[in-house]
Amino acid sequence: MNTMDIYIVRYEDGDVEFCSFFRNQREAMKGRTQLKREYKKLGSIEKKTIGRNKDGFLSLFNRYAIKQRKV
């Protein structure tokens, strides 16, 4: 099975949750810097290995993406 690495930048603080996906570590570091500028705090970078097919990405997205935010 072909696999690929995905980098996730996550930030959680009370009711604010931000999660974005990147292809490589360099882009993830840039995304984390942008997040720091916006929220004044550092987020975490996580590396996940997923299958290179629709099911692999959908399971990752369903697990880590924001499903609903209550205001």
# chains A, B, ... in the order shown; residues from 1 in each chain; ligands from 1
>>> residues_around(residues="Met4 of chain A", least_positions_apart="6", cutoff="9 Å", atoms="only C-alpha atoms", output="CSV table (one decimal) with all heavy atoms, in the first residue's frame")
chain,number,residue,atom,x,y,z
A,23,ARG,N,1.6,19.5,3.3
A,23,ARG,CA,2.3,18.4,2.6
A,23,ARG,C,3.6,18.0,3.2
A,23,ARG,O,4.0,16.9,3.2
A,23,ARG,CB,2.6,18.7,1.2
A,23,ARG,CG,1.4,19.0,0.3
A,23,ARG,CD,1.8,19.3,-1.1
A,23,ARG,NE,2.4,20.6,-1.1
A,23,ARG,CZ,2.6,21.3,-2.2
A,23,ARG,NH1,2.2,20.8,-3.3
A,23,ARG,NH2,3.1,22.5,-2.2
A,48,LYS,N,1.4,12.6,10.6
A,48,LYS,CA,0.6,11.4,10.4
A,48,LYS,C,0.9,10.7,9.1
A,48,LYS,O,1.1,11.4,8.1
A,48,LYS,CB,-0.9,11.7,10.5
A,48,LYS,CG,-1.3,12.4,11.8
A,48,LYS,CD,-1.2,11.4,12.9
A,48,LYS,CE,-1.6,12.1,14.2
A,48,LYS,NZ,-1.4,11.3,15.4
A,49,THR,N,0.9,9.4,9.1
A,49,THR,CA,1.1,8.7,7.8
A,49,THR,C,-0.2,8.1,7.5
A,49,THR,O,-0.9,7.4,8.3
A,49,THR,CB,2.1,7.6,8.0
A,49,THR,OG1,3.4,8.2,8.4
A,49,THR,CG2,2.4,6.8,6.7
A,50,ILE,N,-0.7,8.4,6.3
A,50,ILE,CA,-2.0,7.9,5.8
A,50,ILE,C,-1.8,7.1,4.5
A,50,ILE,O,-0.8,7.3,3.8
A,50,ILE,CB,-3.0,9.0,5.6
A,50,ILE,CG1,-2.6,10.0,4.6
A,50,ILE,CG2,-3.2,9.7,6.9
A,50,ILE,CD1,-3.6,11.0,4.1
A,51,GLY,N,-2.9,6.4,4.1
A,51,GLY,CA,-2.9,5.7,2.8
A,51,GLY,C,-3.1,6.7,1.7
A,51,GLY,O,-3.7,7.7,1.9
A,52,ARG,N,-2.5,6.4,0.6
A,52,ARG,CA,-2.6,7.3,-0.6
A,52,ARG,C,-3.8,7.0,-1.4
A,52,ARG,O,-3.7,6.7,-2.6
A,52,ARG,CB,-1.3,7.1,-1.4
A,52,ARG,CG,-0.8,8.3,-2.1
A,52,ARG,CD,0.4,8.0,-2.9
A,52,ARG,NE,1.6,8.5,-2.3
A,52,ARG,CZ,2.1,9.7,-2.4
A,52,ARG,NH1,1.5,10.6,-3.2
A,52,ARG,NH2,3.2,10.1,-1.8
>>> residues_around(residues="segment 54-64 of chain A", least_positions_apart="6", cutoff="12 Å", atoms="only C-alpha atoms", output="PyMOL selection string")
chain A and resi 1-11+17-21+46-48
>>> residues_around(residues="segment 29-35 of chain A", least_positions_apart="4", cutoff="8 Å", atoms="only C-alpha atoms", output="count of residues only")
9
>>> select_by_dssp(residues="chain A", states="helix (DSSP H, G or I)", output="VMD selection string")
chain A and resid 25 to 39 54 to 64
>>> select_by_dssp(residues="chain A", states="strand (DSSP E or B)", output="PyMOL selection string")
chain A and resi 3-13+16-22+44-51
>>> write_last_selection(atoms="N, CA, C and O atoms", output="short mmCIF file (atom, residue, chain, number, x, y, z; two decimals), in the first residue's frame")
data_model
loop_
_atom_site.label_atom_id
_atom_site.label_comp_id
_atom_site.auth_asym_id
_atom_site.auth_seq_id
_atom_site.Cartn_x
_atom_site.Cartn_y
_atom_site.Cartn_z
N THR A 3 1.78 4.94 0.95
CA THR A 3 1.45 5.83 2.06
C THR A 3 2.10 7.18 1.82
O THR A 3 3.02 7.32 1.02
N MET A 4 1.63 8.17 2.53
CA MET A 4 2.22 9.50 2.47
C MET A 4 2.13 10.13 3.85
O MET A 4 1.28 9.76 4.66
N ASP A 5 3.02 11.08 4.09
CA ASP A 5 3.04 11.79 5.36
C ASP A 5 2.27 13.10 5.21
O ASP A 5 2.41 13.81 4.23
N ILE A 6 1.48 13.39 6.21
CA ILE A 6 0.73 14.64 6.30
C ILE A 6 1.10 15.29 7.62
O ILE A 6 1.19 14.62 8.65
N TYR A 7 1.31 16.59 7.59
CA TYR A 7 1.61 17.34 8.82
C TYR A 7 0.39 18.16 9.20
O TYR A 7 -0.21 18.84 8.38
N ILE A 8 0.01 18.07 10.47
CA ILE A 8 -1.16 18.75 10.99
C ILE A 8 -0.71 19.81 11.99
O ILE A 8 0.07 19.52 12.89
N VAL A 9 -1.18 21.04 11.79
CA VAL A 9 -0.92 22.11 12.75
C VAL A 9 -2.21 22.31 13.52
O VAL A 9 -3.26 22.57 12.94
N ARG A 10 -2.13 22.15 14.86
CA ARG A 10 -3.31 22.25 15.71
C ARG A 10 -3.10 23.28 16.81
O ARG A 10 -2.03 23.39 17.37
N TYR A 11 -4.16 24.00 17.09
CA TYR A 11 -4.16 24.96 18.18
C TYR A 11 -5.52 24.89 18.86
O TYR A 11 -6.54 24.98 18.20
N GLU A 12 -5.52 24.69 20.15
CA GLU A 12 -6.76 24.64 20.93
C GLU A 12 -6.62 25.55 22.14
O GLU A 12 -5.64 25.48 22.85
N ASP A 13 -7.62 26.39 22.33
CA ASP A 13 -7.62 27.27 23.50
C ASP A 13 -9.07 27.61 23.82
O ASP A 13 -9.66 28.48 23.18
N VAL A 16 -11.70 28.13 20.94
CA VAL A 16 -11.03 28.30 19.65
C VAL A 16 -10.25 27.03 19.32
O VAL A 16 -9.43 26.57 20.10
N GLU A 17 -10.57 26.45 18.17
CA GLU A 17 -9.83 25.28 17.70
C GLU A 17 -9.49 25.50 16.24
O GLU A 17 -10.36 25.84 15.44
N PHE A 18 -8.24 25.32 15.89
CA PHE A 18 -7.77 25.55 14.54
C PHE A 18 -6.96 24.34 14.12
O PHE A 18 -6.13 23.86 14.88
N CYS A 19 -7.22 23.83 12.94
CA CYS A 19 -6.51 22.65 12.46
C CYS A 19 -6.32 22.80 10.96
O CYS A 19 -7.26 23.09 10.23
N SER A 20 -5.08 22.63 10.48
CA SER A 20 -4.83 22.69 9.05
C SER A 20 -3.84 21.60 8.66
O SER A 20 -3.06 21.13 9.48
N PHE A 21 -3.88 21.21 7.41
CA PHE A 21 -3.08 20.11 6.89
C PHE A 21 -2.05 20.63 5.91
O PHE A 21 -2.34 21.52 5.10
N PHE A 22 -0.83 20.06 5.95
CA PHE A 22 0.25 20.48 5.07
C PHE A 22 0.97 19.26 4.49
O PHE A 22 0.99 18.20 5.10
N SER A 44 0.70 23.07 17.85
CA SER A 44 1.54 21.88 17.76
C SER A 44 1.54 21.36 16.32
O SER A 44 0.60 21.56 15.57
N ILE A 45 2.63 20.69 15.96
CA ILE A 45 2.75 20.06 14.66
C ILE A 45 2.80 18.55 14.88
O ILE A 45 3.60 18.07 15.66
N GLU A 46 1.92 17.84 14.19
CA GLU A 46 1.87 16.39 14.30
C GLU A 46 2.07 15.79 12.92
O GLU A 46 1.50 16.26 11.96
N LYS A 47 2.84 14.74 12.86
CA LYS A 47 3.06 14.02 11.60
C LYS A 47 2.23 12.74 11.61
O LYS A 47 2.31 11.95 12.54
N LYS A 48 1.42 12.56 10.58
CA LYS A 48 0.59 11.38 10.45
C LYS A 48 0.88 10.72 9.10
O LYS A 48 1.06 11.40 8.10
N THR A 49 0.92 9.42 9.08
CA THR A 49 1.10 8.67 7.84
C THR A 49 -0.25 8.06 7.46
O THR A 49 -0.87 7.37 8.28
N ILE A 50 -0.69 8.37 6.25
CA ILE A 50 -1.99 7.88 5.80
C ILE A 50 -1.84 7.14 4.48
O ILE A 50 -0.82 7.28 3.80
N GLY A 51 -2.85 6.38 4.12
CA GLY A 51 -2.87 5.71 2.84
C GLY A 51 -3.05 6.71 1.71
O GLY A 51 -3.71 7.73 1.87
#
